[in-house]
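Asks: Take a look at the following structure, please.
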Amino acid sequence: MAKKKGGKSLFSLSTLLASFFGSALIAGAFAYFNYKFSEYKFIDFKKWTFYEKSDIFTPKEEKYIVVFYSSRDSDTQEKLAKVDLNIPIIAIDYYNTVRTNSKTTTFLRSGTKNSLNFIQRFNIYESPSIFFIKKSKETLYKQDSMIRKLDNLDDLTSEVNQL
C-alpha cells in the first residue's frame, strides 16, 4: 500500500493516467509504423512487361534500386548511365525512350498502360523518383523503402555504397 503524505496518496490518479497515455502513445506509434510498412507494394515482372531495347526484362538480382525518370532530362539520364553502385539500378523512363544499358544501370521502357499502372501502384508524383525493391519470389519483388524524390545522385552514390 502506498503511504499517505499530507493526506494525499503517493500513487495518485495522475500518475496512473500518465503511464496509461504513455503506453497508448507507444502502441499507437508501433501500429502506425507497422501500417506504413505494410503499405509497401509488390511488382511481379511476369505480369508487368518492361523492355530493354526490344528484349523483355527478367530480373536476376536480389535487390534493385528503381529510378523513375524522364529521358527529357538529359542530366539525370547521363548521370544514371555513369553511376557505379553496389546495387544494380533499374531506370524506368516516363517517355519510353530506347537507351543502351550501362554496367550497373538497366534502362527500361514499357507501354503506356503499364507505365500508368506503375505510376499509380507506387504513387509516383515527381520525376526523378527512387525506391528500393527486394526479391520475394522468382519474379515477385517487394518495395523495400519509401519513395522519395531523387534530388542528388551523388549523395545517393555515397549513401548506397555504404550499405
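Ligands are numbered from 1 in the order shown, residues from 1 within each chain, and chains are lettered A, B, ... in the order they appear in the C-alpha cells.
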To test your reading of the structure, identify every residue in stretch 23-124 of chain A that backbone DSSP assigns to helix (DSSP H, G or I), and report it as a count of residues only.

Replies: 35

Asks: Can you pull out every residue within 9 Å of A:Arg148, counting only C-alpha atoms, but drop anything in the same chain fewer than 4 positions away, and send it as a compact mmCIF listing (two decimals) with C-alpha atoms, in the first residue's frame?

Replies:
# COMPACT_ATOMS: atom_id res chain seq x y z
CA ILE A 124 4.86 8.42 -58.01
CA GLU A 126 7.70 13.56 -59.09
CA PRO A 128 13.05 11.51 -60.90
CA SER A 129 11.82 9.34 -58.03
CA ILE A 130 13.66 6.50 -56.38
CA PHE A 131 12.95 3.46 -54.20

Asks: Considering only C-alpha atoms, return as a compact mmCIF listing (two decimals) with N, CA, C and O atoms, in the first residue's frame whatever protein or nucleic-acid residues lie within 7 Å of A:Phe50, sequence-local ones (same chain, fewer than 3 positions apart) excluded.

Replies:
# COMPACT_ATOMS: atom_id res chain seq x y z
N ILE A 56 12.45 -8.55 -73.43
CA ILE A 56 11.69 -8.44 -72.19
C ILE A 56 12.66 -8.55 -71.01
O ILE A 56 13.51 -9.43 -70.97
N PHE A 57 12.51 -7.64 -70.06
CA PHE A 57 13.37 -7.61 -68.88
C PHE A 57 12.95 -8.70 -67.91
O PHE A 57 11.78 -8.81 -67.55
N LEU A 108 14.85 0.71 -68.80
CA LEU A 108 13.64 0.00 -69.18
C LEU A 108 12.61 0.95 -69.76
O LEU A 108 12.61 2.15 -69.47
N ARG A 109 11.72 0.37 -70.52
CA ARG A 109 10.58 1.11 -71.06
C ARG A 109 9.41 0.14 -71.12
O ARG A 109 9.58 -1.07 -70.99
N SER A 110 8.21 0.67 -71.29
CA SER A 110 7.03 -0.18 -71.38
C SER A 110 5.93 0.59 -72.10
O SER A 110 6.08 1.75 -72.43

Asks: Can you pull out every residue from stretch 8-158 of chain A that DSSP, working from the backbone, puts in strand (DSSP E or B), and format the result as a ChimeraX atom specification?

Replies: /A:8-9,42-44,51-52,55-56,63-69,89-93,105-109,129-135,140-143,148-149

Asks: Using only C-alpha atoms, find each residue of stretch 5-105 of chain A with at least one atom at most 6 Å away from an atom of stretch 132-143 of chain A; report its shortest atom-to-atom pair and that distance in Å (one decimal), sort the rows by chain and rising residue number, and return the result as CSV.

Replies:
residue,atom,partner,partner_atom,distance
A:Tyr40,CA,A:Gln143,CA,5.4
A:Lys41,CA,A:Gln143,CA,5.5
A:Phe42,CA,A:Lys142,CA,4.4
A:Ile43,CA,A:Tyr141,CA,5.3
A:Asp44,CA,A:Leu140,CA,4.3
A:Phe45,CA,A:Thr139,CA,5.3
A:Glu62,CA,A:Lys135,CA,5.1
A:Lys63,CA,A:Lys134,CA,4.5
A:Tyr64,CA,A:Ile133,CA,5.4
A:Ile65,CA,A:Phe132,CA,4.5
A:Val66,CA,A:Phe132,CA,5.8

Asks: Could you save those same residues with N, CA, C and O atoms as an mmCIF file, in the first residue's frame?

Replies:
data_model
loop_
_atom_site.group_PDB
_atom_site.id
_atom_site.type_symbol
_atom_site.label_atom_id
_atom_site.label_comp_id
_atom_site.auth_asym_id
_atom_site.auth_seq_id
_atom_site.Cartn_x
_atom_site.Cartn_y
_atom_site.Cartn_z
ATOM 1 N N TYR A 40 3.798 -0.888 -48.393
ATOM 2 C CA TYR A 40 4.735 -1.115 -49.477
ATOM 3 C C TYR A 40 4.132 -2.095 -50.473
ATOM 4 O O TYR A 40 3.499 -3.076 -50.104
ATOM 5 N N LYS A 41 4.359 -1.840 -51.730
ATOM 6 C CA LYS A 41 3.709 -2.573 -52.810
ATOM 7 C C LYS A 41 4.626 -3.643 -53.394
ATOM 8 O O LYS A 41 5.824 -3.641 -53.194
ATOM 9 N N PHE A 42 3.995 -4.528 -54.159
ATOM 10 C CA PHE A 42 4.712 -5.580 -54.868
ATOM 11 C C PHE A 42 4.680 -5.303 -56.360
ATOM 12 O O PHE A 42 3.768 -4.666 -56.862
ATOM 13 N N ILE A 43 5.680 -5.820 -57.049
ATOM 14 C CA ILE A 43 5.701 -5.783 -58.502
ATOM 15 C C ILE A 43 6.132 -7.164 -58.990
ATOM 16 O O ILE A 43 7.134 -7.712 -58.530
ATOM 17 N N ASP A 44 5.331 -7.733 -59.868
ATOM 18 C CA ASP A 44 5.622 -9.047 -60.441
ATOM 19 C C ASP A 44 6.045 -8.821 -61.887
ATOM 20 O O ASP A 44 5.224 -8.447 -62.730
ATOM 21 N N PHE A 45 7.301 -9.068 -62.168
ATOM 22 C CA PHE A 45 7.833 -8.820 -63.507
ATOM 23 C C PHE A 45 7.330 -9.841 -64.532
ATOM 24 O O PHE A 45 7.580 -9.692 -65.714
ATOM 25 N N GLU A 62 18.985 -9.921 -56.346
ATOM 26 C CA GLU A 62 18.161 -9.953 -55.132
ATOM 27 C C GLU A 62 17.552 -8.591 -54.809
ATOM 28 O O GLU A 62 16.454 -8.502 -54.283
ATOM 29 N N LYS A 63 18.292 -7.525 -55.099
ATOM 30 C CA LYS A 63 17.846 -6.163 -54.805
ATOM 31 C C LYS A 63 18.096 -5.286 -56.019
ATOM 32 O O LYS A 63 19.049 -5.504 -56.771
ATOM 33 N N TYR A 64 17.256 -4.282 -56.151
ATOM 34 C CA TYR A 64 17.437 -3.267 -57.183
ATOM 35 C C TYR A 64 17.085 -1.904 -56.609
ATOM 36 O O TYR A 64 16.270 -1.789 -55.692
ATOM 37 N N ILE A 65 17.683 -0.900 -57.196
ATOM 38 C CA ILE A 65 17.262 0.476 -56.981
ATOM 39 C C ILE A 65 16.414 0.818 -58.195
ATOM 40 O O ILE A 65 16.861 0.646 -59.327
ATOM 41 N N VAL A 66 15.184 1.253 -57.964
ATOM 42 C CA VAL A 66 14.301 1.629 -59.066
ATOM 43 C C VAL A 66 14.293 3.143 -59.156
ATOM 44 O O VAL A 66 14.016 3.824 -58.167
#

Asks: Calculate how many Å separate atom CA of A:Ser127 from atom CA of A:Tyr69, rounding to one decimal.

Replies: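 So the two atoms, atom CA of A:Ser127 and atom CA of A:Tyr69, lie 5.2 Å apart.
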
Asks: Using only C-alpha atoms, which residue out of A:Ser12, A:Lys103, A:Ser115, A:Ala24 lies closest to A:Tyr51?

Replies: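 For A:Tyr51, the nearest of the given residues is A:Ser115.
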